[in-house]
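*Asks:* Dumping the structure here so I can ask a few things about it.
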Amino acid sequence: MSTPTRNKTVIIAALITSAISMPTMAADWFVGGGVGAQQNGYEKEVTGGASIPENSPITSTSEENEFYMIRAGAYLDDNNRMYGTYSYNADDSTSQQSFIISYDYLVPLGSSKLNWFIGASAGGNHVSPEADNMSSGNNFVWGGQTGIIFNITENLSTELGYRYLDQDYSVSNAPDEPVATPKATSEVTTLSATDSQQVYLSVDYRF
C-alpha cells in the first residue's frame, strides 16, 4: 500500500471510530455557520491537436473566492470534539460542495474563554467545472485544520481557523468517439483539482 493511501486509510479509520463513539460520549452539542476565503489549486494539460506540442507542459494555477459553511457536532469533553461540515465555494474554474467529518483536540490558553485547536478532516467533494463540455464528479478529500476558539458566553463562541484539504479530481473534454482519421486528432483539455485552503470565521451555538 502506498504512503498516501495508507495515510488516508488511517485518517478515515480514526474519524469513523470517533464518530461511532460520539453518541454515547457527547456532553454538549453545537450548531454553527461561517464564511471565509478559499483558494483552490488546479493543474491544466492540453494534448492533441495540430498546434499542440507532443510534450505539452502541465500548468499550475490557483483561484480564490469566498466560501460558506454550516456545521453541527458535539464536544465529547473539554478537550475533544467531532463535527460534520457542509461548505460551498465557486470560482472561475469550478464550483465545489464539500461534505466532511472532522475531529479536533482543544488546548486551553490560560483561561476557559480561549482555546487552540488542531485536528483532522476527511470526506467527499463534488466538483462542477464551469466549462460546459466537462462533466461534474466526486472525489475524496482529506487534510487538517487549526485555529483559535473564543467563548463569548457559556453557549456562544466564535472561531478563526485554517483548513487544508488534499484533492484528487481530474476531468477532460475528450470526445466519446474517436475522430475519423489519426491525423485529425482532437484537442483535449484535462483539468485537475489538487487542493483547497480555507481561512474562515465562524459562530457556534452550544447547547
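Residue numbering restarts at 1 for every chain of the C-alpha cells, chains are lettered A, B, ... in their displayed order, and ligands are numbered from 1 as they appear.
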Where in segment 35-203 of chain A does DSSP assign strand (DSSP E or B), given as a VMD selection string?
*Replies:* chain A and resid 35 to 47 59 to 75 80 to 90 94 to 108 114 to 129 137 to 151 156 to 172 188 to 203
*Asks:* Measuring atom to atom with only C-alpha atoms, identify which of A:Leu165, A:Val31, A:Val46, A:Leu160 is nearest to Met82 of chain A.
*Replies:* A:Val31
*Asks:* So which residues of segment 21-181 of chain A fall under alpha helix (DSSP H) by DSSP, listed as JSON, numbers by chain?
*Replies:* {"A": [21, 22, 23, 24, 25]}
*Asks:* Keeping only C-alpha atoms, write those residues as a tab-separated table (two decimals), in the first residue's frame.
*Replies:*
```tsv
chain	number	residue	atom	x	y	z
A	21	SER	CA	-18.39	6.59	19.93
A	22	MET	CA	-19.73	10.17	19.84
A	23	PRO	CA	-23.41	9.49	20.67
A	24	THR	CA	-22.54	7.76	23.97
A	25	MET	CA	-19.79	10.18	25.00
```
*Asks:* Find, counting only C-alpha atoms, the residue in A:His126, A:Ser186, A:Tyr83, A:Asn151 that gets nearest to Tyr169 of chain A.
*Replies:*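 Closest residue, counting only C-alpha atoms: A:His126.
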*Asks:* Using only C-alpha atoms, determine which residues lie at most 10 Å from Glu64 of chain A, disregarding the query and same-chain residues fewer than 3 positions distant; provide the list as a ChimeraX atom specification.
*Replies:* /A:37-41,67,89-92,196-198
*Asks:* So that I have them on file, write out the residues from the current selection with N, CA, C and O atoms, as a tab-separated table (two decimals), in the first residue's frame.
*Replies:*
```tsv
chain	number	residue	atom	x	y	z
A	37	ALA	N	-12.47	32.74	3.06
A	37	ALA	CA	-11.84	32.74	1.74
A	37	ALA	C	-11.29	31.36	1.45
A	37	ALA	O	-10.70	30.73	2.34
A	38	GLN	N	-11.50	30.87	0.23
A	38	GLN	CA	-11.00	29.57	-0.18
A	38	GLN	C	-10.12	29.71	-1.41
A	38	GLN	O	-10.50	30.34	-2.39
A	39	GLN	N	-8.93	29.12	-1.36
A	39	GLN	CA	-8.03	29.08	-2.51
A	39	GLN	C	-7.95	27.66	-3.02
A	39	GLN	O	-7.59	26.75	-2.28
A	40	ASN	N	-8.28	27.46	-4.29
A	40	ASN	CA	-8.24	26.15	-4.93
A	40	ASN	C	-7.05	26.05	-5.86
A	40	ASN	O	-6.81	26.97	-6.66
A	41	GLY	N	-6.33	24.94	-5.78
A	41	GLY	CA	-5.22	24.69	-6.68
A	41	GLY	C	-5.65	23.82	-7.85
A	41	GLY	O	-6.38	22.84	-7.67
A	67	PHE	N	-16.21	31.39	0.50
A	67	PHE	CA	-16.95	30.14	0.68
A	67	PHE	C	-17.84	30.28	1.91
A	67	PHE	O	-17.63	31.14	2.77
A	89	ASN	N	-18.33	26.61	-2.43
A	89	ASN	CA	-17.39	27.60	-2.98
A	89	ASN	C	-17.48	27.58	-4.50
A	89	ASN	O	-17.69	26.53	-5.11
A	90	ALA	N	-17.35	28.75	-5.12
A	90	ALA	CA	-17.35	28.84	-6.58
A	90	ALA	C	-16.30	29.85	-7.02
A	90	ALA	O	-16.18	30.93	-6.43
A	91	ASP	N	-15.51	29.49	-8.05
A	91	ASP	CA	-14.56	30.41	-8.66
A	91	ASP	C	-14.72	30.35	-10.17
A	91	ASP	O	-15.71	29.81	-10.67
A	92	ASP	N	-13.78	30.88	-10.92
A	92	ASP	CA	-13.91	30.94	-12.37
A	92	ASP	C	-13.77	29.57	-13.03
A	92	ASP	O	-14.18	29.38	-14.19
A	196	SER	N	-7.33	22.43	-1.67
A	196	SER	CA	-8.08	23.62	-1.27
A	196	SER	C	-7.57	24.09	0.08
A	196	SER	O	-7.27	23.27	0.96
A	197	GLN	N	-7.48	25.42	0.24
A	197	GLN	CA	-7.10	26.01	1.51
A	197	GLN	C	-8.18	27.01	1.92
A	197	GLN	O	-8.62	27.81	1.11
A	198	GLN	N	-8.59	26.92	3.17
A	198	GLN	CA	-9.66	27.78	3.67
A	198	GLN	C	-9.21	28.55	4.91
A	198	GLN	O	-8.60	27.98	5.81
```
*Asks:* To one decimal place in Å, what is the distance between atom CA of Phe117 of chain A and atom CA of Gly84 of chain A?
*Replies:*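 Between atom CA of Phe117 of chain A and atom CA of Gly84 of chain A the gap is 16.0 Å.
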*Asks:* Out of A:Ile149, A:Ala72, A:Gly143, A:Ala122, which residue has the shortest atom-to-atom distance to Pro108 of chain A when counting only C-alpha atoms?
*Replies:* A:Ile149
*Asks:* Kindly indicate which residue among A:Thr59, A:Tyr162, A:Ile148, A:Asp195 lies nearest to Leu109 of chain A, using only C-alpha atoms for the distances.
*Replies:*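 Of the candidates, the smallest distance to Leu109 of chain A is held by A:Ile148.
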*Asks:* Of the candidates A:Ser172, A:Gln145, A:Gln167, A:Asn139, which one gets nearest to Tyr42 of chain A if we count only C-alpha atoms?
*Replies:*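 Smallest distance to Tyr42 of chain A is found for A:Gln167.
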*Asks:* Select, from A:Ala193, A:Leu156, A:Ala120, A:Glu187, the residue with the minimum atom-to-atom distance to Gln96 of chain A, counting only C-alpha atoms.
*Replies:*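 Using only C-alpha atoms, Gln96 of chain A sits closest to A:Ala193.
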*Asks:* At a cut-off of 9 Å, using only C-alpha atoms, what residues contact Val107 of chain A? Leave out same-chain residues fewer than 5 positions from it and give the result as a VMD selection string.
*Replies:* chain A and resid 78 to 79 114 to 118
*Asks:* Produce a file of the selected residues containing C-alpha atoms, as a tab-separated table (two decimals), in the first residue's frame.
*Replies:*
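part07.tsv, written as the output of this step:
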```
chain	number	residue	atom	x	y	z
A	78	ASP	CA	-13.35	19.73	27.40
A	79	ASN	CA	-10.58	18.65	25.01
A	114	LEU	CA	-9.71	30.85	24.80
A	115	ASN	CA	-8.71	27.53	23.21
A	116	TRP	CA	-6.30	26.49	20.48
A	117	PHE	CA	-7.37	23.50	18.39
A	118	ILE	CA	-5.76	21.16	15.89
```
